[in-house]
>>> print(open('target18.cif').read())   # mmCIF, C-alpha atoms and all ligand atoms
data_structure
#
loop_
_atom_site.label_atom_id
_atom_site.label_comp_id
_atom_site.auth_asym_id
_atom_site.auth_seq_id
_atom_site.Cartn_x
_atom_site.Cartn_y
_atom_site.Cartn_z
CA MET G 1 115.45 124.93 112.67
CA MET G 2 112.42 123.41 110.97
CA PRO G 3 109.78 121.47 112.86
CA THR G 4 110.05 117.83 111.86
CA HIS G 5 107.10 116.18 113.57
CA ALA G 6 104.57 116.75 110.77
CA ALA G 7 104.50 113.01 109.97
CA ALA G 8 103.62 112.14 113.55
CA THR G 9 100.46 114.24 113.36
CA LEU G 10 98.98 112.47 110.30
CA PRO G 11 95.72 110.68 111.09
CA HIS G 12 96.16 106.93 111.38
CA SER G 13 93.07 106.18 109.32
CA ARG G 14 94.41 103.40 107.09
CA PRO G 15 97.21 100.85 107.30
CA ALA G 16 100.53 101.68 105.75
CA PRO G 17 100.54 100.75 102.05
CA VAL G 18 103.75 98.81 102.41
CA HIS G 19 104.36 96.46 105.31
CA GLU G 20 105.50 92.94 106.03
CA HIS G 21 102.48 90.87 105.02
CA ALA G 22 101.38 88.35 107.60
CA TRP G 23 100.38 85.55 105.23
CA LEU G 24 97.54 83.38 106.46
CA ALA G 25 96.56 80.25 104.54
CA GLU G 26 92.93 80.43 103.42
CA SER G 27 92.73 77.14 101.57
CA THR G 28 94.97 74.45 100.19
CA HIS G 29 94.58 72.23 97.17
CA ASN G 30 96.60 69.13 96.43
CA THR G 31 97.73 68.94 92.83
CA SER G 32 100.24 66.84 90.93
CA GLU G 33 102.63 69.77 91.18
CA GLY G 34 102.37 69.86 94.94
CA THR G 35 100.13 71.72 97.33
CA VAL G 36 98.72 75.02 96.14
CA VAL G 37 98.13 77.31 99.08
CA TYR G 38 95.96 80.38 98.79
CA VAL G 39 97.05 82.93 101.32
CA ARG G 40 95.93 86.38 102.30
CA CYS G 41 97.41 89.00 104.54
CA ALA G 42 96.16 88.60 108.09
CA ALA G 43 96.79 92.28 108.70
CA GLY G 44 93.64 93.04 106.74
CA CYS G 45 95.30 94.98 103.93
CA GLY G 46 93.58 92.80 101.33
CA ALA G 47 96.74 91.40 99.74
CA ARG G 48 96.49 87.86 98.39
CA ARG G 49 98.99 85.41 97.00
CA VAL G 50 99.14 81.88 95.71
CA ASP G 51 101.96 79.67 96.95
CA LEU G 52 103.03 76.32 95.61
CA GLN G 53 104.46 73.91 98.11
CA GLY G 54 106.48 71.21 96.41
CA PRO G 55 105.96 67.51 97.14
CA ALA G 56 109.47 67.18 98.55
CA ASN G 57 111.15 69.25 101.22
CA VAL G 58 111.19 72.23 98.92
CA PRO G 59 110.44 75.57 100.50
CA ALA G 60 107.20 77.16 99.38
CA SER G 61 107.60 79.59 96.54
CA ALA G 62 105.30 82.32 95.40
CA VAL G 63 103.85 81.49 92.00
CA SER G 64 101.87 84.68 91.73
CA LYS G 65 102.61 88.29 92.33
CA VAL G 66 101.07 89.97 95.30
CA VAL G 67 97.60 91.18 94.37
CA GLY G 68 96.56 94.43 95.99
CA ARG G 69 98.57 95.85 98.82
ZN ZN G 101 99.54 93.03 104.22
#
>>> encode(input="target18.cif", output="structure tokens")
Amino acid sequence: MMPTHAAATLPHSRPAPVHEHAWLAESTHNTSEGTVVYVRCAAGCGARRVDLQGPANVPASAVSKVVGR
């Protein structure tokens, strides 16, 4: 039998590199394409994204890749 609780003893010094980002809108800009929304992760991981919200009832879509983690 091998001890398996090594992971539980790691120091919790920084957030996990991968998690469900909690996007928080920082600013919005109305353009002819729709509303551009600049969002960042509210969890403080530093990730940012730019969303484009269409003029109609189109769900927001990410127009940029996630920057940072
Ligand atoms: Zn995040």
>>> closest_atom_pairs(input="target18.cif", of="chain G", to="ligand ZN 101 (chain G)", cutoff="12 Å", atoms="only C-alpha atoms and all ligand atoms", output="tab-separated table")
residue	atom	partner	partner_atom	distance
G:Arg14	CA	G:ZN101	ZN	11.9
G:Pro15	CA	G:ZN101	ZN	8.7
G:Ala16	CA	G:ZN101	ZN	8.8
G:Pro17	CA	G:ZN101	ZN	8.1
G:Val18	CA	G:ZN101	ZN	7.4
G:His19	CA	G:ZN101	ZN	6.0
G:Glu20	CA	G:ZN101	ZN	6.2
G:His21	CA	G:ZN101	ZN	3.7
G:Ala22	CA	G:ZN101	ZN	6.1
G:Trp23	CA	G:ZN101	ZN	7.6
G:Leu24	CA	G:ZN101	ZN	10.1
G:Val39	CA	G:ZN101	ZN	10.8
G:Arg40	CA	G:ZN101	ZN	7.8
G:Cys41	CA	G:ZN101	ZN	4.6
G:Ala42	CA	G:ZN101	ZN	6.8
G:Ala43	CA	G:ZN101	ZN	5.3
G:Gly44	CA	G:ZN101	ZN	6.4
G:Cys45	CA	G:ZN101	ZN	4.7
G:Gly46	CA	G:ZN101	ZN	6.6
G:Ala47	CA	G:ZN101	ZN	5.5
G:Arg48	CA	G:ZN101	ZN	8.4
G:Arg49	CA	G:ZN101	ZN	10.5
G:Val66	CA	G:ZN101	ZN	9.6
G:Val67	CA	G:ZN101	ZN	10.2
G:Gly68	CA	G:ZN101	ZN	8.9
G:Arg69	CA	G:ZN101	ZN	6.2
>>> closest_residue(input="target18.cif", among="G:Asn30, G:Val36, G:Ala25, G:Asp51", to="Ser64 of chain G", atoms="all atoms listed in the file")
G:Asp51
>>> residues_around(input="target18.cif", residues="His29 of chain G", least_positions_apart="3", cutoff="12 Å", atoms="only C-alpha atoms", output="list of chain:residue names")
G:Ala25, G:Glu26, G:Ser32, G:Glu33, G:Gly34, G:Thr35, G:Val36, G:Val37, G:Tyr38, G:Val39, G:Val50, G:Asp51, G:Leu52, G:Gln53, G:Gly54
